[in-house]
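K.L.:
Pasting a structure below so you can have a look.
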Amino acid sequence: MATVAFLGLGVMGYPMAGHLSKAGHRVRVYNRTASRAQQWLVDYSGEAFATPADAARDAEIVFACVGNDDDLRQVVAGEQGAFAGMTGGSLFVDHTTASADVARELSAVGKEKGIGFLDAPVSGGQAGAENGVLTVMVGGEAAEFERVRPVIDCYARAVELLGPVGSGQLCKMVNQICIAGVVQGLAEGLHFAKAAGLDAEQVIKVISKGAAQSWQMENRYQTMLAGDYEHGFAVDWMRKDLAIVLSEAQRNGALLPVTALVDQFYSEVQALGGGRWDTSSLFARLMNLRAFD
């Protein structure tokens, strides 16, 4: 078993670090709000530390799952960041959904210190993290990937190396592009069904057996119809991700008209007060635009 650190105990990091502890790894945790780390110690076995540097000291592998590029820079390369405590030969694995640029930037800083770096954003949401069935998209060196893969397997059902550093983040961008389009399509389908006077539950029962079927349809149509949008990944975070996607698309020339439009729709959800609603709340926007009897 390895000595590992986990930085960031949010809705994703908390259970991910817990799976590492339950697997028998020696887990050292850090969270910006210290009370969250103390609660983690109630639920799992490990140690909590006051700074990322302290948590990372003596760890063979350091994992992080924080909010955005700036949070990541601070927790990794800040004065009390993880790199200040890590030694040559150790490995940093970043599960944050961030830009490919920051992954390359921090990888270069780590390389100067003899520290390996993998960008490894995840998909599967809070439920996937809690159940240990996340999908992990990785960018980095093959040897470092093979070294860390058995540890990541503690909370993942699929782990794939996509290419050099930055490739994991680029793959996650593809993931978010696809999700945005599928959720909007499902929202419009349910909206149309109601406008046409159909029983939306019956419609989904039929079409979910054919080519229209999707994870979003199976897991979100009932809560969408019920106006229940408290299921994990928030609109605020999706807009953060889509901003990264659209910025990268400007650079590489990809044409993303649907993604850009759905991003605008999410801004309207935020205006409705739904910034913390989950991404299926695109349906709430449509329902707000037209009330049904």
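If you're wondering about the labels, chains in the structure tokens are A, B, ... by order shown, residues count from 1 in each chain, ligands from 1 in order shown.
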Report as a PyMOL selection string all protein, DNA and RNA residues lying within 10 Å of segment 251-267 of chain A, evaluated on only C-alpha atoms, omitting residues in the same chain fewer than 4 positions from it.

P.N.:
chain A and resi 176-181+183-184+235-236+238-243+245-247+271-275+279-282+285-286

K.L.:
Selected residues, N, CA, C and O atoms, written as a CSV table (one decimal), in the first residue's frame, please.

P.N.:
chain,number,residue,atom,x,y,z
A,176,GLN,N,-17.7,17.3,-21.8
A,176,GLN,CA,-18.7,18.3,-21.5
A,176,GLN,C,-19.5,18.8,-22.7
A,176,GLN,O,-20.6,19.2,-22.6
A,177,ILE,N,-18.8,18.9,-23.8
A,177,ILE,CA,-19.5,19.3,-25.1
A,177,ILE,C,-20.6,18.3,-25.3
A,177,ILE,O,-21.8,18.7,-25.6
A,178,CYS,N,-20.4,17.0,-25.2
A,178,CYS,CA,-21.4,16.0,-25.5
A,178,CYS,C,-22.5,16.1,-24.5
A,178,CYS,O,-23.7,15.9,-24.8
A,179,ILE,N,-22.2,16.2,-23.2
A,179,ILE,CA,-23.2,16.3,-22.2
A,179,ILE,C,-24.1,17.5,-22.4
A,179,ILE,O,-25.4,17.4,-22.3
A,180,ALA,N,-23.5,18.7,-22.7
A,180,ALA,CA,-24.3,19.9,-22.9
A,180,ALA,C,-25.4,19.7,-24.0
A,180,ALA,O,-26.6,20.0,-23.9
A,181,GLY,N,-25.0,19.1,-25.1
A,181,GLY,CA,-25.9,18.8,-26.2
A,181,GLY,C,-27.0,17.8,-25.9
A,181,GLY,O,-28.2,18.0,-26.2
A,183,VAL,N,-28.2,17.0,-22.8
A,183,VAL,CA,-29.1,17.5,-21.8
A,183,VAL,C,-30.1,18.5,-22.5
A,183,VAL,O,-31.3,18.4,-22.2
A,184,GLN,N,-29.6,19.3,-23.3
A,184,GLN,CA,-30.5,20.3,-24.0
A,184,GLN,C,-31.5,19.5,-24.9
A,184,GLN,O,-32.7,19.9,-24.9
A,235,VAL,N,-24.8,24.0,-12.2
A,235,VAL,CA,-24.7,24.9,-13.4
A,235,VAL,C,-23.5,25.8,-13.4
A,235,VAL,O,-22.8,26.0,-14.4
A,236,ASP,N,-23.2,26.4,-12.2
A,236,ASP,CA,-22.1,27.2,-12.1
A,236,ASP,C,-20.8,26.5,-12.5
A,236,ASP,O,-19.9,27.1,-13.2
A,238,MET,N,-20.7,23.9,-14.5
A,238,MET,CA,-20.7,23.6,-15.9
A,238,MET,C,-20.3,24.8,-16.8
A,238,MET,O,-19.6,24.6,-17.8
A,239,ARG,N,-20.8,25.9,-16.3
A,239,ARG,CA,-20.4,27.2,-17.1
A,239,ARG,C,-18.9,27.4,-17.0
A,239,ARG,O,-18.3,27.9,-18.0
A,240,LYS,N,-18.3,27.1,-15.9
A,240,LYS,CA,-16.8,27.2,-15.8
A,240,LYS,C,-16.2,26.3,-16.8
A,240,LYS,O,-15.3,26.7,-17.5
A,241,ASP,N,-16.7,25.0,-16.9
A,241,ASP,CA,-16.1,24.1,-17.8
A,241,ASP,C,-16.3,24.5,-19.2
A,241,ASP,O,-15.4,24.4,-20.1
A,242,LEU,N,-17.5,25.0,-19.5
A,242,LEU,CA,-17.8,25.4,-20.9
A,242,LEU,C,-17.0,26.6,-21.3
A,242,LEU,O,-16.6,26.8,-22.5
A,243,ALA,N,-16.7,27.5,-20.4
A,243,ALA,CA,-15.8,28.6,-20.7
A,243,ALA,C,-14.4,28.1,-21.1
A,243,ALA,O,-13.8,28.6,-22.1
A,245,VAL,N,-13.8,25.1,-22.5
A,245,VAL,CA,-14.1,24.5,-23.8
A,245,VAL,C,-14.1,25.6,-24.9
A,245,VAL,O,-13.4,25.4,-25.9
A,246,LEU,N,-14.8,26.6,-24.7
A,246,LEU,CA,-15.0,27.6,-25.8
A,246,LEU,C,-13.7,28.4,-26.0
A,246,LEU,O,-13.4,28.8,-27.1
A,247,SER,N,-12.9,28.6,-24.9
A,247,SER,CA,-11.6,29.2,-25.1
A,247,SER,C,-10.7,28.4,-25.9
A,247,SER,O,-10.0,28.8,-26.8
A,271,ALA,N,-29.6,33.2,-14.1
A,271,ALA,CA,-30.5,34.4,-13.9
A,271,ALA,C,-31.8,34.0,-13.2
A,271,ALA,O,-32.3,34.9,-12.5
A,272,LEU,N,-32.2,32.8,-13.3
A,272,LEU,CA,-33.4,32.3,-12.6
A,272,LEU,C,-33.1,31.9,-11.1
A,272,LEU,O,-34.0,31.6,-10.4
A,273,GLY,N,-31.8,32.0,-10.8
A,273,GLY,CA,-31.4,31.7,-9.4
A,273,GLY,C,-31.0,30.2,-9.3
A,273,GLY,O,-30.9,29.7,-8.2
A,274,GLY,N,-30.7,29.6,-10.5
A,274,GLY,CA,-30.4,28.2,-10.5
A,274,GLY,C,-28.9,27.9,-10.6
A,274,GLY,O,-28.6,26.8,-11.1
A,275,GLY,N,-28.0,28.7,-10.2
A,275,GLY,CA,-26.6,28.5,-10.3
A,275,GLY,C,-26.1,27.2,-9.6
A,275,GLY,O,-25.2,26.6,-10.1
A,279,THR,N,-27.2,20.2,-13.8
A,279,THR,CA,-27.2,20.6,-15.3
A,279,THR,C,-28.5,20.3,-16.0
A,279,THR,O,-28.8,20.8,-17.0
A,280,SER,N,-29.3,19.4,-15.4
A,280,SER,CA,-30.6,19.0,-16.0
A,280,SER,C,-31.6,20.2,-16.0
A,280,SER,O,-32.7,20.1,-16.6
A,281,SER,N,-31.2,21.2,-15.2
A,281,SER,CA,-32.2,22.4,-15.1
A,281,SER,C,-32.4,23.2,-16.3
A,281,SER,O,-33.1,24.1,-16.3
A,282,LEU,N,-31.7,22.8,-17.4
A,282,LEU,CA,-32.1,23.4,-18.7
A,282,LEU,C,-33.6,23.2,-19.0
A,282,LEU,O,-34.2,24.1,-19.7
A,285,ARG,N,-35.5,26.2,-17.5
A,285,ARG,CA,-35.5,27.4,-18.4
A,285,ARG,C,-36.7,27.3,-19.4
A,285,ARG,O,-37.4,28.3,-19.6
A,286,LEU,N,-36.9,26.2,-20.0
A,286,LEU,CA,-37.9,26.0,-21.0
A,286,LEU,C,-39.3,26.2,-20.3
A,286,LEU,O,-40.2,26.8,-20.9

K.L.:
Select from segment 94-148 of chain A everything DSSP, run on the backbone, classes as strand (DSSP E), then give the selection as a PyMOL selection string.

P.N.:
chain A and resi 94+116-119+122-123+134-139

K.L.:
Skip Tyr14 of chain A itself and residues of its chain fewer than 2 positions away, then list as an mmCIF file with C-alpha atoms, in the first residue's frame all residues within 12 Å of it, counting only C-alpha atoms.

P.N.:
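Result saved to out.cif:
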data_model
loop_
_atom_site.group_PDB
_atom_site.id
_atom_site.type_symbol
_atom_site.label_atom_id
_atom_site.label_comp_id
_atom_site.auth_asym_id
_atom_site.auth_seq_id
_atom_site.Cartn_x
_atom_site.Cartn_y
_atom_site.Cartn_z
ATOM 1 C CA PHE A 6 -5.421 14.060 -1.256
ATOM 2 C CA LEU A 7 -5.930 17.815 -1.571
ATOM 3 C CA GLY A 8 -9.506 19.033 -1.778
ATOM 4 C CA LEU A 9 -12.372 17.286 0.000
ATOM 5 C CA GLY A 10 -15.367 18.609 -1.900
ATOM 6 C CA VAL A 11 -18.287 16.529 -3.129
ATOM 7 C CA MET A 12 -15.900 14.571 -5.369
ATOM 8 C CA MET A 16 -12.451 9.591 -3.600
ATOM 9 C CA ALA A 17 -10.032 10.014 -0.700
ATOM 10 C CA GLY A 18 -12.297 7.750 1.315
ATOM 11 C CA HIS A 19 -11.966 4.946 -1.224
ATOM 12 C CA LEU A 20 -8.190 5.230 -0.977
ATOM 13 C CA SER A 21 -8.393 4.895 2.793
ATOM 14 C CA VAL A 27 -3.951 8.804 3.309
ATOM 15 C CA VAL A 29 -5.601 14.963 3.517
ATOM 16 C CA TYR A 30 -5.826 18.722 3.178
ATOM 17 C CA ASN A 31 -8.883 20.917 2.703
ATOM 18 C CA ARG A 36 -14.242 19.386 6.374
ATOM 19 C CA ALA A 37 -10.966 17.505 6.831
ATOM 20 C CA GLN A 38 -11.820 16.822 10.450
ATOM 21 C CA GLN A 39 -15.169 15.376 9.419
ATOM 22 C CA TRP A 40 -13.365 13.196 6.869
ATOM 23 C CA LEU A 41 -11.279 11.769 9.735
ATOM 24 C CA VAL A 42 -14.498 10.783 11.498
ATOM 25 C CA ASP A 43 -15.572 8.763 8.466
ATOM 26 C CA TYR A 44 -12.226 7.387 7.331
ATOM 27 C CA PHE A 63 -3.925 13.754 -5.684
ATOM 28 C CA ALA A 64 -5.893 16.969 -6.010
ATOM 29 C CA CYS A 65 -9.487 17.814 -6.859
ATOM 30 C CA VAL A 66 -10.159 21.533 -6.478
ATOM 31 C CA GLN A 126 -20.967 12.810 -7.100
ATOM 32 C CA ALA A 127 -22.707 9.444 -7.356
ATOM 33 C CA ALA A 129 -17.324 9.265 -6.787
ATOM 34 C CA GLU A 130 -19.318 7.851 -3.886
ATOM 35 C CA ASN A 131 -19.778 4.481 -5.600
ATOM 36 C CA GLY A 132 -16.181 4.278 -6.838
ATOM 37 C CA TYR A 155 -12.475 4.823 -7.206
#

K.L.:
Please determine, counting only C-alpha atoms, which residue among A:Ala234, A:Arg73, A:Val133, A:Leu289 has the shortest atom-to-atom distance to Arg276 of chain A.

P.N.:
A:Ala234

K.L.:
Leaving out Lys113 of chain A and any residue of its chain fewer than 5 positions from it, which residues lie within 12 Å of it when counting only C-alpha atoms, given as JSON, numbers by chain?

P.N.:
{"A": [77, 82, 83, 84, 85, 86, 87, 88, 89, 90, 91, 92, 106, 107, 108]}

K.L.:
Kindly save the residues from that selection, with N, CA, C and O atoms included, as a short mmCIF file (atom, residue, chain, number, x, y, z; two decimals), in the first residue's frame.

P.N.:
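Output below, filename again00.cif:
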data_model
loop_
_atom_site.label_atom_id
_atom_site.label_comp_id
_atom_site.auth_asym_id
_atom_site.auth_seq_id
_atom_site.Cartn_x
_atom_site.Cartn_y
_atom_site.Cartn_z
N ALA A 77 1.52 25.04 -6.58
CA ALA A 77 2.77 25.79 -6.72
C ALA A 77 2.86 27.01 -5.81
O ALA A 77 3.84 27.76 -5.88
N ALA A 82 1.70 22.00 -2.73
CA ALA A 82 2.17 20.62 -2.65
C ALA A 82 3.62 20.46 -3.10
O ALA A 82 4.38 19.70 -2.50
N PHE A 83 4.01 21.16 -4.17
CA PHE A 83 5.37 21.00 -4.69
C PHE A 83 6.41 21.39 -3.65
O PHE A 83 7.55 20.89 -3.70
N ALA A 84 6.06 22.27 -2.71
CA ALA A 84 7.00 22.68 -1.66
C ALA A 84 7.30 21.53 -0.71
O ALA A 84 8.35 21.54 -0.03
N GLY A 85 6.42 20.56 -0.64
CA GLY A 85 6.64 19.44 0.27
C GLY A 85 7.04 18.15 -0.42
O GLY A 85 7.52 17.22 0.23
N MET A 86 6.87 18.08 -1.74
CA MET A 86 7.15 16.85 -2.47
C MET A 86 8.63 16.73 -2.81
O MET A 86 9.33 17.74 -2.93
N THR A 87 9.08 15.52 -2.96
CA THR A 87 10.47 15.25 -3.31
C THR A 87 10.56 14.62 -4.69
O THR A 87 9.57 14.12 -5.23
N GLY A 88 11.76 14.64 -5.26
CA GLY A 88 11.98 14.05 -6.57
C GLY A 88 11.58 12.59 -6.60
O GLY A 88 11.81 11.84 -5.64
N GLY A 89 10.94 12.20 -7.68
CA GLY A 89 10.48 10.82 -7.82
C GLY A 89 9.03 10.63 -7.42
O GLY A 89 8.44 9.58 -7.71
N SER A 90 8.44 11.62 -6.74
CA SER A 90 7.03 11.53 -6.38
C SER A 90 6.17 11.96 -7.56
O SER A 90 6.67 12.47 -8.57
N LEU A 91 4.88 11.78 -7.43
CA LEU A 91 3.98 11.97 -8.57
C LEU A 91 2.75 12.76 -8.14
O LEU A 91 2.14 12.46 -7.11
N PHE A 92 2.40 13.75 -8.96
CA PHE A 92 1.20 14.56 -8.70
C PHE A 92 0.13 14.21 -9.73
O PHE A 92 0.40 14.21 -10.94
N LEU A 106 1.98 23.46 -14.93
CA LEU A 106 2.38 22.84 -13.66
C LEU A 106 3.25 21.61 -13.90
O LEU A 106 4.13 21.30 -13.09
N SER A 107 3.02 20.92 -14.99
CA SER A 107 3.88 19.80 -15.34
C SER A 107 5.32 20.26 -15.53
O SER A 107 6.27 19.61 -15.08
N ALA A 108 5.49 21.41 -16.20
CA ALA A 108 6.83 21.94 -16.44
C ALA A 108 7.50 22.34 -15.13
O ALA A 108 8.70 22.08 -14.93
#

K.L.:
Within 10 Å of Leu186 of chain A, counting only C-alpha atoms, which residues show up once you throw out same-chain ones fewer than 5 positions away? Write them as a PDB file with C-alpha atoms, in the first residue's frame, please.

P.N.:
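File written: selection.pdb
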ATOM      1  CA  GLY A 181     -25.927  18.818 -26.222  1.00  0.00           C
ATOM      2  CA  HIS A 191     -40.835  20.190 -23.279  1.00  0.00           C
ATOM      3  CA  PHE A 192     -42.229  19.216 -26.685  1.00  0.00           C
ATOM      4  CA  ILE A 204     -39.713   8.154 -22.335  1.00  0.00           C
ATOM      5  CA  ALA A 212     -32.697   8.155 -28.220  1.00  0.00           C
ATOM      6  CA  GLN A 213     -31.577   6.375 -25.059  1.00  0.00           C
ATOM      7  CA  SER A 214     -28.861   8.051 -22.972  1.00  0.00           C
ATOM      8  CA  GLN A 216     -29.178  11.527 -18.955  1.00  0.00           C
ATOM      9  CA  MET A 217     -32.511  10.132 -20.096  1.00  0.00           C
ATOM     10  CA  ARG A 220     -32.691  12.539 -15.066  1.00  0.00           C
ATOM     11  CA  TYR A 221     -36.006  12.548 -16.935  1.00  0.00           C
ATOM     12  CA  MET A 224     -36.638  16.983 -14.569  1.00  0.00           C
ATOM     13  CA  SER A 280     -30.569  19.024 -16.050  1.00  0.00           C
ATOM     14  CA  LEU A 282     -32.097  23.373 -18.724  1.00  0.00           C
ATOM     15  CA  PHE A 283     -35.653  22.012 -18.585  1.00  0.00           C
TER      16      PHE A 283
END

K.L.:
Run DSSP on the backbone and give me the residues of segment 85-165 of chain A it puts in alpha helix (DSSP H), as a PyMOL selection string.

P.N.:
chain A and resi 85+100-112+125-131+142-152

K.L.:
Which residues, written as a list in words, have at least one atom at most 10 Å from Arg149 of chain A, with only C-alpha atoms counted and residues fewer than 6 positions away on the same chain left out?

P.N.:
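So, after excluding close chain neighbours, the residues are Val136, Val138, Ala156, Val159, Glu160 and Leu161 of chain A.
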
K.L.:
Write a file of the just-selected residues containing N, CA, C and O atoms, as a tab-separated table (two decimals), in the first residue's frame.

P.N.:
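As written to disk, part29.tsv reads:
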chain	number	residue	atom	x	y	z
A	136	VAL	N	-11.91	8.13	-15.66
A	136	VAL	CA	-10.76	9.02	-15.49
A	136	VAL	C	-10.02	9.14	-16.81
A	136	VAL	O	-9.61	8.14	-17.41
A	138	VAL	N	-6.76	10.65	-18.71
A	138	VAL	CA	-5.42	10.98	-18.23
A	138	VAL	C	-4.51	11.48	-19.35
A	138	VAL	O	-4.52	10.94	-20.46
A	156	ALA	N	-12.37	4.16	-9.55
A	156	ALA	CA	-12.71	4.29	-10.97
A	156	ALA	C	-13.09	2.94	-11.56
A	156	ALA	O	-12.62	1.90	-11.13
A	159	VAL	N	-10.20	3.87	-16.71
A	159	VAL	CA	-9.06	4.79	-16.66
A	159	VAL	C	-8.31	4.65	-17.97
A	159	VAL	O	-7.92	3.55	-18.36
A	160	GLU	N	-8.10	5.78	-18.65
A	160	GLU	CA	-7.49	5.72	-19.98
A	160	GLU	C	-6.45	6.81	-20.14
A	160	GLU	O	-6.69	7.97	-19.80
A	161	LEU	N	-5.27	6.43	-20.66
A	161	LEU	CA	-4.24	7.41	-21.00
A	161	LEU	C	-4.49	7.88	-22.43
A	161	LEU	O	-4.48	7.09	-23.37

K.L.:
Could you give me, as a short mmCIF file (atom, residue, chain, number, x, y, z; two decimals) with C-alpha atoms, in the first residue's frame, the residues within 9 Å of segment 116-119 of chain A, counting only C-alpha atoms and dropping anything in the same chain fewer than 4 positions from it?

P.N.:
data_model
loop_
_atom_site.label_atom_id
_atom_site.label_comp_id
_atom_site.auth_asym_id
_atom_site.auth_seq_id
_atom_site.Cartn_x
_atom_site.Cartn_y
_atom_site.Cartn_z
CA GLY A 88 11.98 14.05 -6.57
CA GLY A 89 10.48 10.82 -7.82
CA SER A 90 7.03 11.53 -6.38
CA LEU A 91 3.98 11.97 -8.57
CA PHE A 92 1.20 14.56 -8.70
CA VAL A 93 -2.19 13.56 -10.11
CA ASP A 94 -4.70 16.33 -10.77
CA HIS A 95 -8.38 15.37 -10.87
CA THR A 96 -9.57 18.98 -11.21
CA THR A 97 -11.45 19.90 -14.37
CA ALA A 98 -9.17 22.71 -15.50
CA ALA A 100 -4.95 22.06 -20.65
CA ALA A 103 -1.76 21.22 -16.74
CA ARG A 104 1.20 21.87 -19.05
CA LEU A 106 2.38 22.84 -13.66
CA SER A 107 3.88 19.80 -15.34
CA ALA A 108 6.83 21.94 -16.44
CA GLY A 110 7.15 19.77 -11.49
CA LYS A 111 9.65 18.50 -14.02
CA MET A 137 -9.19 10.69 -18.54
CA VAL A 138 -5.42 10.98 -18.23
CA GLY A 139 -2.65 12.95 -19.87
CA GLY A 140 1.03 12.30 -19.15
CA GLU A 141 3.87 9.82 -19.43
CA GLU A 144 3.86 7.35 -14.60
CA PHE A 145 0.35 6.39 -15.68
CA PRO A 164 0.84 13.76 -23.26
CA VAL A 165 0.07 16.17 -20.43
CA GLY A 166 -3.02 18.21 -21.27
CA SER A 167 -4.71 15.36 -23.13
CA GLY A 168 -6.84 14.40 -20.16
CA GLN A 169 -8.23 17.91 -19.90
#

K.L.:
So what do you get for atom CA of Gln250 of chain A versus atom CA of Cys171 of chain A, distance-wise?

P.N.:
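Answer for the atom CA of Gln250 of chain A to atom CA of Cys171 of chain A separation: 16.3 Å.
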